[in-house]
Amino acid sequence: MKVVIGNDHAGVEFKNQLKEYIESKGIEVINVGVDTLESVDYPDIAKTACKKVIDKEVDFAVLICGTGIGISIAANKVEGIRAALVHNEVTARLSKQHNNANAIVFGARILGIEVAKSAFDAYLEATFEGGRHQNRVNKIESCGGVF
């Protein structure tokens with residue numbers, strides 16, 4: 001398995017800790033985020049990470065900014081991306097089971113790293129349920145994107 005991780009300046013330390021945790025599970029991580037506190041624009045990070053998902057270079061994306069809101073909005077502008085801002089195990093699991101999210105998003109200034117680790121695990125262990133949820137995902141996909 002391979003994931004891409006992307007973060008802005010607000011998520012550097014959070015990203016480093018989460019990346020180390022993900023790699024400890026034997027998952028390859030491609031880092032497209034920044035490693036300094038110098039201000040960057042999270043839409044650029046989201047676009048780069050999401051392109052790797054769309055091009056099937058990775059299985060899914062992990063995105064991080066201060067609140068998670070901005071980078072999730074930017075990611076969801078990329079056609080084919082279903083980015084879910086998750087807050088705990090329940091939202092992470094349901095983002096996969098019901099929405100087949102291919103990007104999970106964390107707010108580094110909002111969420112503790114241990115909660116993020118357990119949310120990551122819940123997402124990883126979940127499977128898309130399909131059925132009535134597939135119809136909804138199809139409707140989301142028909143909306144298109146701008147990038």
# chains A, B, ... in the order shown; residues from 1 in each chain; ligands from 1
>>> residues_around(residues="region 18-27 of chain A", least_positions_apart="3", cutoff="6 Å", atoms="only C-alpha atoms", output="ChimeraX atom specification")
/A:1-2,15
>>> residues_around(residues="Thr91 (chain A)", least_positions_apart="6", cutoff="10 Å", atoms="only C-alpha atoms", output="PDB file with all heavy atoms, in the first residue's frame")
ATOM      1  N   ALA A  84     -12.578  13.841   2.934  1.00  0.00           N
ATOM      2  CA  ALA A  84     -13.392  13.940   4.143  1.00  0.00           C
ATOM      3  C   ALA A  84     -12.560  14.488   5.292  1.00  0.00           C
ATOM      4  O   ALA A  84     -11.513  13.935   5.622  1.00  0.00           O
ATOM      5  CB  ALA A  84     -13.942  12.567   4.508  1.00  0.00           C
ATOM      6  N   LEU A  85     -13.038  15.567   5.875  1.00  0.00           N
ATOM      7  CA  LEU A  85     -12.427  16.121   7.078  1.00  0.00           C
ATOM      8  C   LEU A  85     -12.913  15.271   8.242  1.00  0.00           C
ATOM      9  O   LEU A  85     -14.106  15.250   8.551  1.00  0.00           O
ATOM     10  CB  LEU A  85     -12.844  17.583   7.260  1.00  0.00           C
ATOM     11  CG  LEU A  85     -12.382  18.292   8.519  1.00  0.00           C
ATOM     12  CD1 LEU A  85     -10.871  18.256   8.663  1.00  0.00           C
ATOM     13  CD2 LEU A  85     -12.895  19.724   8.529  1.00  0.00           C
ATOM     14  N   GLN A  97     -16.790   3.928   4.552  1.00  0.00           N
ATOM     15  CA  GLN A  97     -17.925   3.027   4.387  1.00  0.00           C
ATOM     16  C   GLN A  97     -19.046   3.639   3.546  1.00  0.00           C
ATOM     17  O   GLN A  97     -19.624   2.957   2.706  1.00  0.00           O
ATOM     18  CB  GLN A  97     -18.497   2.633   5.753  1.00  0.00           C
ATOM     19  CG  GLN A  97     -17.593   1.732   6.551  1.00  0.00           C
ATOM     20  CD  GLN A  97     -18.133   1.463   7.947  1.00  0.00           C
ATOM     21  OE1 GLN A  97     -18.880   2.264   8.521  1.00  0.00           O
ATOM     22  NE2 GLN A  97     -17.738   0.324   8.503  1.00  0.00           N
ATOM     23  N   ILE A 104      -8.366  11.612   3.259  1.00  0.00           N
ATOM     24  CA  ILE A 104      -8.810  11.980   4.603  1.00  0.00           C
ATOM     25  C   ILE A 104      -8.007  13.188   5.043  1.00  0.00           C
ATOM     26  O   ILE A 104      -6.834  13.329   4.714  1.00  0.00           O
ATOM     27  CB  ILE A 104      -8.728  10.817   5.607  1.00  0.00           C
ATOM     28  CG1 ILE A 104      -7.331  10.210   5.684  1.00  0.00           C
ATOM     29  CG2 ILE A 104      -9.774   9.761   5.272  1.00  0.00           C
ATOM     30  CD1 ILE A 104      -7.187   9.187   6.805  1.00  0.00           C
ATOM     31  N   ALA A 119      -7.943   7.481  14.092  1.00  0.00           N
ATOM     32  CA  ALA A 119      -8.829   7.765  12.961  1.00  0.00           C
ATOM     33  C   ALA A 119      -8.241   7.195  11.672  1.00  0.00           C
ATOM     34  O   ALA A 119      -8.958   6.618  10.852  1.00  0.00           O
ATOM     35  CB  ALA A 119      -9.051   9.270  12.827  1.00  0.00           C
ATOM     36  N   ALA A 122      -8.907   3.514  11.686  1.00  0.00           N
ATOM     37  CA  ALA A 122     -10.320   3.227  11.413  1.00  0.00           C
ATOM     38  C   ALA A 122     -10.618   3.348   9.925  1.00  0.00           C
ATOM     39  O   ALA A 122     -11.327   2.504   9.349  1.00  0.00           O
ATOM     40  CB  ALA A 122     -11.211   4.166  12.219  1.00  0.00           C
ATOM     41  N   TYR A 123     -10.075   4.390   9.281  1.00  0.00           N
ATOM     42  CA  TYR A 123     -10.256   4.562   7.834  1.00  0.00           C
ATOM     43  C   TYR A 123      -9.630   3.380   7.092  1.00  0.00           C
ATOM     44  O   TYR A 123     -10.237   2.803   6.190  1.00  0.00           O
ATOM     45  CB  TYR A 123      -9.630   5.879   7.381  1.00  0.00           C
ATOM     46  CG  TYR A 123      -9.620   6.046   5.887  1.00  0.00           C
ATOM     47  CD1 TYR A 123     -10.716   6.579   5.228  1.00  0.00           C
ATOM     48  CD2 TYR A 123      -8.522   5.641   5.126  1.00  0.00           C
ATOM     49  CE1 TYR A 123     -10.724   6.713   3.841  1.00  0.00           C
ATOM     50  CE2 TYR A 123      -8.525   5.767   3.749  1.00  0.00           C
ATOM     51  CZ  TYR A 123      -9.620   6.300   3.115  1.00  0.00           C
ATOM     52  OH  TYR A 123      -9.625   6.414   1.753  1.00  0.00           O
TER      53      TYR A 123
END
>>> residues_around(residues="Lys139 (chain A)", least_positions_apart="5", cutoff="12 Å", atoms="only C-alpha atoms", output="ChimeraX atom specification")
/A:80,82,99,132-134,144
>>> select_by_dssp(residues="region 93-127 of chain A", states="strand (DSSP E or B)", output="ChimeraX atom specification")
/A:103-107
>>> atom_distance(atom1="CA of Ala61 (chain A)", atom2="CA of Ile110 (chain A)")
19.1 Å
>>> closest_residue(among="A:Ala126, A:Val3, A:Val90, A:Ala116", to="Ala103 (chain A)", atoms="only C-alpha atoms")
A:Val3
